[in-house]
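This is final01.csv (CSV, C-alpha atoms (C1' of nucleotides)).
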```csv
chain,number,residue,atom,x,y,z
A,1,MET,CA,-116.0,-46.6,34.7
A,2,GLU,CA,-112.6,-48.0,35.6
A,3,ALA,CA,-112.1,-51.7,36.1
A,4,LEU,CA,-109.5,-53.5,38.3
A,5,THR,CA,-107.0,-56.2,37.2
A,6,ILE,CA,-106.9,-59.4,39.1
A,7,ASN,CA,-104.2,-58.3,41.5
A,8,GLU,CA,-105.9,-55.0,42.3
A,9,ALA,CA,-109.2,-56.8,42.8
A,10,ALA,CA,-107.5,-59.2,45.1
A,11,GLY,CA,-106.1,-56.3,47.1
A,12,THR,CA,-109.5,-54.7,47.7
A,13,THR,CA,-111.6,-57.9,48.2
A,14,GLY,CA,-109.4,-60.0,50.5
A,15,TRP,CA,-109.3,-62.9,48.1
A,16,SER,CA,-106.1,-64.1,46.6
A,17,PRO,CA,-105.6,-63.9,42.8
A,18,ARG,CA,-105.6,-67.7,42.7
A,19,MET,CA,-108.9,-67.8,44.5
A,20,LEU,CA,-110.4,-65.2,42.2
A,21,ARG,CA,-109.7,-67.5,39.3
A,22,TYR,CA,-111.2,-70.4,41.3
A,23,VAL,CA,-114.3,-68.5,42.1
A,24,GLU,CA,-114.7,-67.7,38.5
A,25,GLN,CA,-114.3,-71.3,37.5
A,26,ALA,CA,-116.9,-72.2,40.1
A,27,GLY,CA,-119.3,-70.0,38.1
A,28,LEU,CA,-119.9,-67.5,41.0
A,29,VAL,CA,-118.2,-64.3,39.9
A,30,ALA,CA,-117.2,-63.9,36.3
A,31,PRO,CA,-115.4,-60.6,35.5
A,32,ALA,CA,-115.3,-59.0,32.0
A,33,ARG,CA,-112.3,-59.6,29.8
A,34,SER,CA,-110.1,-57.1,28.0
A,35,SER,CA,-109.4,-57.6,24.3
A,36,SER,CA,-106.2,-59.5,25.2
A,37,GLY,CA,-107.9,-61.7,27.8
A,38,TYR,CA,-107.1,-59.9,31.0
A,39,ARG,CA,-109.8,-60.1,33.7
A,40,LEU,CA,-111.5,-56.8,34.4
A,41,TYR,CA,-113.3,-56.5,37.7
A,42,GLY,CA,-116.0,-53.8,37.9
A,43,ALA,CA,-117.7,-52.4,40.9
A,44,ALA,CA,-120.5,-55.0,40.8
A,45,GLN,CA,-118.1,-57.9,40.7
A,46,LEU,CA,-116.0,-56.4,43.6
A,47,GLN,CA,-119.2,-56.0,45.7
A,48,ARG,CA,-120.2,-59.6,44.9
A,49,LEU,CA,-116.8,-60.8,45.9
A,50,ARG,CA,-116.9,-59.0,49.2
A,51,THR,CA,-120.4,-60.1,50.1
A,52,LEU,CA,-119.6,-63.7,49.0
A,53,LYS,CA,-116.7,-63.7,51.5
A,54,GLU,CA,-119.0,-62.6,54.2
A,55,LEU,CA,-121.6,-65.1,53.3
A,56,LEU,CA,-119.2,-68.0,53.4
A,57,ALA,CA,-117.7,-66.9,56.7
A,58,GLN,CA,-121.0,-66.1,58.4
A,59,PHE,CA,-122.6,-69.5,57.7
A,60,ASP,CA,-119.5,-71.6,57.3
A,61,LEU,CA,-120.3,-72.5,53.8
A,62,GLY,CA,-118.0,-73.8,51.0
A,63,LEU,CA,-117.9,-72.3,47.5
A,64,SER,CA,-119.4,-75.6,46.3
A,65,ASP,CA,-122.5,-75.0,48.5
A,66,VAL,CA,-123.1,-71.6,47.0
A,67,ALA,CA,-122.4,-73.0,43.5
A,68,PHE,CA,-125.1,-75.6,44.2
A,69,ALA,CA,-127.5,-73.0,45.3
A,70,ALA,CA,-126.8,-71.1,42.1
A,71,ARG,CA,-127.4,-74.3,40.1
A,72,MET,CA,-130.7,-74.8,41.8
A,73,ALA,CA,-131.7,-71.2,41.2
A,74,ALA,CA,-130.9,-71.6,37.5
A,75,ASP,CA,-132.4,-75.0,36.9
A,76,PRO,CA,-136.1,-75.2,37.7
A,77,GLN,CA,-136.1,-79.0,37.2
A,78,LEU,CA,-133.4,-79.5,39.8
A,79,ARG,CA,-135.0,-77.1,42.1
A,80,VAL,CA,-138.4,-78.7,42.0
A,81,ALA,CA,-136.9,-82.2,42.3
A,82,VAL,CA,-134.9,-81.3,45.4
A,83,GLN,CA,-137.8,-79.4,47.0
A,84,ARG,CA,-140.2,-82.2,46.4
A,85,TRP,CA,-137.8,-84.6,48.0
A,86,LEU,CA,-137.3,-82.3,51.0
A,87,ALA,CA,-141.1,-81.9,51.3
A,88,SER,CA,-141.5,-85.6,51.8
A,89,GLN,CA,-140.0,-85.3,55.2
A,90,ALA,CA,-141.7,-82.1,56.4
A,91,TYR,CA,-144.5,-83.8,58.3
A,92,ARG,CA,-143.6,-82.9,61.8
A,93,PRO,CA,-145.3,-79.8,63.3
A,94,GLN,CA,-142.1,-77.8,63.7
A,95,ASP,CA,-141.5,-78.1,60.0
A,96,VAL,CA,-144.5,-76.0,58.9
A,97,GLU,CA,-142.2,-73.3,57.9
A,98,VAL,CA,-140.3,-75.5,55.5
A,99,ALA,CA,-143.5,-76.9,54.1
A,100,ASP,CA,-144.7,-73.3,53.6
A,101,TRP,CA,-141.6,-72.5,51.7
A,102,LEU,CA,-142.0,-75.5,49.5
A,103,ARG,CA,-145.7,-75.0,48.9
A,104,PHE,CA,-145.0,-71.5,47.8
A,105,GLU,CA,-142.7,-72.7,45.1
A,106,GLN,CA,-145.2,-75.3,43.9
A,107,ASP,CA,-148.0,-72.7,43.9
A,108,LYS,CA,-145.9,-70.5,41.7
A,109,HIS,CA,-145.3,-73.2,39.2
A,110,GLU,CA,-148.9,-74.1,39.1
A,111,LYS,CA,-149.7,-70.5,38.4
A,112,LEU,CA,-147.2,-70.3,35.6
A,113,LEU,CA,-148.5,-73.5,34.1
A,114,ALA,CA,-152.0,-72.3,34.3
A,115,ALA,CA,-151.0,-69.0,32.7
A,116,ALA,CA,-149.3,-70.8,29.9
A,117,ALA,CA,-152.3,-72.8,29.1
B,1,MET,CA,-146.8,-101.6,60.8
B,2,GLU,CA,-143.6,-103.6,60.4
B,3,ALA,CA,-140.2,-101.9,60.3
B,4,LEU,CA,-137.0,-103.2,58.6
B,5,THR,CA,-133.6,-103.5,60.2
B,6,ILE,CA,-130.7,-101.9,58.5
B,7,ASN,CA,-129.7,-104.9,56.5
B,8,GLU,CA,-133.2,-105.5,55.3
B,9,ALA,CA,-133.5,-101.8,54.4
B,10,ALA,CA,-130.3,-102.0,52.5
B,11,GLY,CA,-131.6,-104.9,50.6
B,12,THR,CA,-134.7,-103.1,49.4
B,13,THR,CA,-133.3,-99.7,48.8
B,14,GLY,CA,-130.0,-100.4,47.0
B,15,TRP,CA,-127.9,-98.6,49.6
B,16,SER,CA,-125.3,-100.4,51.7
B,17,PRO,CA,-125.8,-100.6,55.4
B,18,ARG,CA,-122.7,-98.5,55.8
B,19,MET,CA,-124.2,-95.8,53.6
B,20,LEU,CA,-127.5,-95.9,55.4
B,21,ARG,CA,-125.6,-94.9,58.5
B,22,TYR,CA,-123.8,-92.2,56.6
B,23,VAL,CA,-127.0,-90.9,55.1
B,24,GLU,CA,-128.5,-90.7,58.6
B,25,GLN,CA,-125.4,-88.9,59.9
B,26,ALA,CA,-125.8,-86.4,57.1
B,27,GLY,CA,-129.2,-85.6,58.5
B,28,LEU,CA,-131.1,-86.8,55.4
B,29,VAL,CA,-133.0,-90.0,56.5
B,30,ALA,CA,-133.2,-90.8,60.2
B,31,PRO,CA,-135.0,-94.0,61.1
B,32,ALA,CA,-136.7,-94.7,64.4
B,33,ARG,CA,-134.8,-96.7,67.0
B,34,SER,CA,-135.8,-99.8,68.9
B,35,SER,CA,-135.5,-99.7,72.7
B,36,SER,CA,-132.1,-101.3,72.3
B,37,GLY,CA,-130.9,-98.8,69.7
B,38,TYR,CA,-131.5,-100.8,66.5
B,39,ARG,CA,-132.4,-98.7,63.5
B,40,LEU,CA,-136.0,-99.3,62.3
B,41,TYR,CA,-136.8,-98.2,58.8
B,42,GLY,CA,-140.5,-97.7,58.1
B,43,ALA,CA,-142.2,-97.3,54.8
B,44,ALA,CA,-141.7,-93.5,54.7
B,45,GLN,CA,-137.9,-93.8,55.2
B,46,LEU,CA,-137.6,-96.6,52.7
B,47,GLN,CA,-139.4,-94.4,50.1
B,48,ARG,CA,-137.2,-91.4,50.9
B,49,LEU,CA,-134.1,-93.6,50.5
B,50,ARG,CA,-135.2,-94.8,47.1
B,51,THR,CA,-136.1,-91.3,45.8
B,52,LEU,CA,-133.0,-89.9,47.3
B,53,LYS,CA,-131.0,-92.4,45.3
B,54,GLU,CA,-132.8,-91.4,42.1
B,55,LEU,CA,-132.4,-87.7,42.9
B,56,LEU,CA,-128.6,-88.0,43.3
B,57,ALA,CA,-128.2,-90.1,40.1
B,58,GLN,CA,-130.5,-88.0,37.9
B,59,PHE,CA,-128.8,-84.7,38.7
B,60,ASP,CA,-125.3,-86.0,39.6
B,61,LEU,CA,-125.5,-84.5,43.1
B,62,GLY,CA,-123.7,-85.4,46.3
B,63,LEU,CA,-125.2,-86.1,49.6
B,64,SER,CA,-123.6,-82.9,50.8
B,65,ASP,CA,-125.5,-80.9,48.2
B,66,VAL,CA,-128.9,-82.3,49.4
B,67,ALA,CA,-127.8,-81.8,53.0
B,68,PHE,CA,-127.1,-78.1,52.1
B,69,ALA,CA,-130.5,-77.7,50.5
B,70,ALA,CA,-132.0,-79.2,53.7
B,71,ARG,CA,-130.1,-76.7,55.7
B,72,MET,CA,-131.3,-73.9,53.6
B,73,ALA,CA,-134.9,-75.1,53.9
B,74,ALA,CA,-134.6,-75.3,57.6
B,75,ASP,CA,-132.7,-72.0,58.3
B,76,PRO,CA,-134.5,-69.0,56.9
B,77,GLN,CA,-131.6,-66.7,57.7
B,78,LEU,CA,-129.2,-68.8,55.6
B,79,ARG,CA,-131.8,-69.1,52.9
B,80,VAL,CA,-132.4,-65.4,52.6
B,81,ALA,CA,-128.7,-64.6,52.8
B,82,VAL,CA,-127.9,-67.0,49.9
B,83,GLN,CA,-130.8,-65.9,47.8
B,84,ARG,CA,-130.0,-62.2,48.3
B,85,TRP,CA,-126.4,-62.9,47.2
B,86,LEU,CA,-127.6,-64.8,44.1
B,87,ALA,CA,-130.1,-62.0,43.3
B,88,SER,CA,-127.2,-59.5,43.1
B,89,GLN,CA,-126.1,-61.2,39.8
B,90,ALA,CA,-129.5,-61.7,38.2
B,91,TYR,CA,-129.4,-58.6,36.0
B,92,ARG,CA,-129.2,-60.2,32.6
B,93,PRO,CA,-132.5,-60.6,30.7
B,94,GLN,CA,-132.2,-64.4,30.6
B,95,ASP,CA,-132.1,-64.4,34.4
B,96,VAL,CA,-135.6,-63.1,34.9
B,97,GLU,CA,-136.8,-66.5,36.0
B,98,VAL,CA,-134.2,-66.6,38.7
B,99,ALA,CA,-135.0,-63.1,39.7
B,100,ASP,CA,-138.6,-64.1,39.9
B,101,TRP,CA,-137.9,-67.0,42.2
B,102,LEU,CA,-135.9,-64.8,44.4
B,103,ARG,CA,-138.4,-61.9,44.5
B,104,PHE,CA,-141.1,-64.4,45.5
B,105,GLU,CA,-139.1,-65.4,48.5
B,106,GLN,CA,-138.5,-61.8,49.5
B,107,ASP,CA,-142.1,-60.9,49.1
B,108,LYS,CA,-143.1,-63.8,51.3
B,109,HIS,CA,-140.8,-62.7,54.1
B,110,GLU,CA,-141.9,-59.1,53.8
B,111,LYS,CA,-145.5,-60.3,54.2
B,112,LEU,CA,-144.6,-62.3,57.2
B,113,LEU,CA,-142.8,-59.4,58.8
B,114,ALA,CA,-145.7,-57.1,58.1
B,115,ALA,CA,-148.1,-59.6,59.5
B,116,ALA,CA,-146.0,-59.9,62.7
B,117,ALA,CA,-146.1,-56.1,63.3
C,1,DC,C1',-86.8,-52.9,25.6
C,2,DA,C1',-87.2,-54.4,30.2
C,3,DA,C1',-89.8,-54.7,34.4
C,4,DA,C1',-94.0,-55.8,36.0
C,5,DC,C1',-98.0,-57.3,35.0
C,6,DC,C1',-101.5,-60.9,32.9
C,7,DT,C1',-102.8,-65.6,30.9
C,8,DT,C1',-103.4,-71.0,31.2
C,9,DG,C1',-101.8,-75.2,32.9
C,10,DA,C1',-99.7,-78.1,36.1
C,11,DC,C1',-98.0,-80.2,40.6
C,12,DA,C1',-98.7,-80.3,45.5
C,13,DC,C1',-100.9,-80.8,49.9
C,14,DG,C1',-104.2,-80.8,53.8
C,15,DA,C1',-109.3,-81.3,54.5
C,16,DT,C1',-113.5,-83.3,53.5
C,17,DC,C1',-116.7,-86.6,51.0
C,18,DG,C1',-118.1,-91.2,49.8
C,19,DT,C1',-117.4,-95.8,50.6
C,20,DG,C1',-115.6,-100.1,52.4
C,21,DG,C1',-113.7,-102.7,56.0
C,22,DT,C1',-112.7,-104.4,60.8
C,23,DA,C1',-112.8,-104.7,65.9
C,24,DG,C1',-115.1,-105.0,70.2
C,25,DG,C1',-119.3,-105.5,72.4
C,26,DG,C1',-124.6,-105.8,73.0
C,27,DT,C1',-129.3,-108.0,71.3
C,28,DT,C1',-132.4,-111.4,69.2
C,29,DG,C1',-134.2,-115.7,68.0
C,30,DG,C1',-134.1,-120.6,67.1
D,1,DC,C1',-126.7,-121.0,74.4
D,2,DC,C1',-124.9,-119.6,70.2
D,3,DA,C1',-125.3,-118.0,65.5
D,4,DA,C1',-126.7,-114.2,63.3
D,5,DC,C1',-127.8,-109.9,63.7
D,6,DC,C1',-127.1,-104.9,65.5
D,7,DC,C1',-124.4,-101.0,67.6
D,8,DT,C1',-120.4,-97.4,67.8
D,9,DA,C1',-115.8,-96.3,66.8
D,10,DC,C1',-112.0,-96.6,64.2
D,11,DC,C1',-108.6,-97.1,59.8
D,12,DA,C1',-108.1,-96.8,54.9
D,13,DC,C1',-108.4,-95.1,50.3
D,14,DG,C1',-109.6,-92.7,46.0
D,15,DA,C1',-112.0,-88.4,44.6
D,16,DT,C1',-113.0,-83.7,45.1
D,17,DC,C1',-112.4,-79.0,47.4
D,18,DG,C1',-109.7,-75.1,48.7
D,19,DT,C1',-105.4,-73.1,48.3
D,20,DG,C1',-100.5,-72.1,47.1
D,21,DT,C1',-96.8,-72.1,43.9
D,22,DC,C1',-94.3,-72.5,39.8
D,23,DA,C1',-93.5,-72.7,34.6
D,24,DA,C1',-93.9,-71.0,30.0
D,25,DG,C1',-95.6,-67.5,27.4
D,26,DG,C1',-98.3,-63.0,26.0
D,27,DT,C1',-99.3,-57.7,27.3
D,28,DT,C1',-98.8,-53.2,29.2
D,29,DT,C1',-96.1,-49.4,30.5
D,30,DG,C1',-92.3,-46.4,32.0
```

Could you spell out this file's structure in structure tokens?
Amino acid sequence: MEALTINEAAGTTGWSPRMLRYVEQAGLVAPARSSSGYRLYGAAQLQRLRTLKELLAQFDLGLSDVAFAARMAADPQLRVAVQRWLASQAYRPQDVEVADWLRFEQDKHEKLLAAAA
Amino acid sequence: MEALTINEAAGTTGWSPRMLRYVEQAGLVAPARSSSGYRLYGAAQLQRLRTLKELLAQFDLGLSDVAFAARMAADPQLRVAVQRWLASQAYRPQDVEVADWLRFEQDKHEKLLAAAA
DNA sequence: CAAACCTTGACACGATCGTGGTAGGGTTGG
DNA sequence: CCAACCCTACCACGATCGTGTCAAGGTTTG
């Protein structure tokens, strides 16, 4: 399984080497490292880089937006706090879908808590 | 049911009048308007403003972070796209919880699609 | 060994965020 | 009516984001 260096990865993903380091620093795509510290991009990382580029372009997002989503995904406390705040405004009829989403999360946590008891 | 003007609301929430307008522009807390265009903050908005302040401080978030979360909550396409991208990295054992969260969302949408057919 | 790569760290620069102010004009209340 | 409020629309300014470039030094390879 061959891995690409940062310049090669840049060539096949459309990111610049500078941005690949920045994306890594943002915690979004972290390549393996060789024994001497060189970044080694495998197939999975390359795929993630390409789809990340699409994602940002399609919805006009910033890296910081996706980084925040990752933080929410990784930190249940943050996620629940944000969702609870958002839920406090989902009172209009057209917001049922949002309320649904939020309720789903709460249900899951209640189930987890119940199972842990 | 009395409503507060922007200066009064600023007084009881800890935000500045300037920031209340900014928060509204960010789409996070939109007060009602009087017939002449004055902002009228009701109890619900005041509560949301206070809890928003706590939320930002507790997790060191920016308004743009919460605005992005709101956008994800309101736009299923965006939500699914981001979650799918995040899921493509949740392969390590310690990420089961994230994978769980994501799978939950996918399941829900599959169910909705199935129900619509 | 020398060319061509890689590393981290820094400086730079436009764009946006968060926040305050100010100016010009309408509204409210004593 | 007039003082005190509200509105929108700007200008400003530091902090962060996104991005490029450059410097000083280690690694790989022909």

Point-to-point distance in Å for atom CA of Arg84 of chain B and atom CA of Arg48 of chain A |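 The value is 10.7 Å.
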
Give me, as CSV, the closest atom pair and its distance (Å, one decimal) for every residue of chain C within a cut-off of 12 Å of segment 15-30 of chain A, counting all atoms listed in the file, rows sorted by chain and rising number.
```
residue,atom,partner,partner_atom,distance
C:DC6,C1',A:Pro17,CA,11.1
C:DT7,C1',A:Arg21,CA,11.0
C:DT8,C1',A:Arg21,CA,10.8
```

Tell me the residues of chain D close to chain A, meaning within 9 Å using only C-alpha atoms (C1' of nucleotides), as a PyMOL selection string.
-> chain D and resi 17-20+26-27

Distance limit 7 Å, atoms considered: only C-alpha atoms. Which chain A residues sit that close to chain B? Return them as a short mmCIF file (atom, residue, chain, number, x, y, z; two decimals) with C-alpha atoms, in the frame of the given file.
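Wrote it out as part_2.cif, contents follow:
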```cif
data_model
loop_
_atom_site.label_atom_id
_atom_site.label_comp_id
_atom_site.auth_asym_id
_atom_site.auth_seq_id
_atom_site.Cartn_x
_atom_site.Cartn_y
_atom_site.Cartn_z
CA PHE A 59 -122.60 -69.50 57.70
CA ASP A 65 -122.50 -75.00 48.50
CA PHE A 68 -125.10 -75.60 44.20
CA ALA A 70 -126.80 -71.10 42.10
CA ALA A 73 -131.70 -71.20 41.20
CA ALA A 74 -130.90 -71.60 37.50
CA LEU A 86 -137.30 -82.30 51.00
CA VAL A 98 -140.30 -75.50 55.50
#
```

Provide as a ChimeraX atom specification the residues of chain C at most 10 Å from chain B, counting all atoms listed in the file.
-> /C:17-21,26-27

File dump, residues just selected, C-alpha atoms (C1' of nucleotides), as a tab-separated table (two decimals), in the coordinates of the input:
```tsv
chain	number	residue	atom	x	y	z
C	17	DC	C1'	-116.70	-86.60	51.00
C	18	DG	C1'	-118.10	-91.20	49.80
C	19	DT	C1'	-117.40	-95.80	50.60
C	20	DG	C1'	-115.60	-100.10	52.40
C	21	DG	C1'	-113.70	-102.70	56.00
C	26	DG	C1'	-124.60	-105.80	73.00
C	27	DT	C1'	-129.30	-108.00	71.30
```

Quick one: pull the distance between atom CA of Thr5 of chain A and atom CA of Tyr41 of chain A, Å, one decimal.
-> 6.3 Å

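Going from atom C1' of DC1 of chain C to atom CA of Gly11 of chain A covers 29.1 Å.
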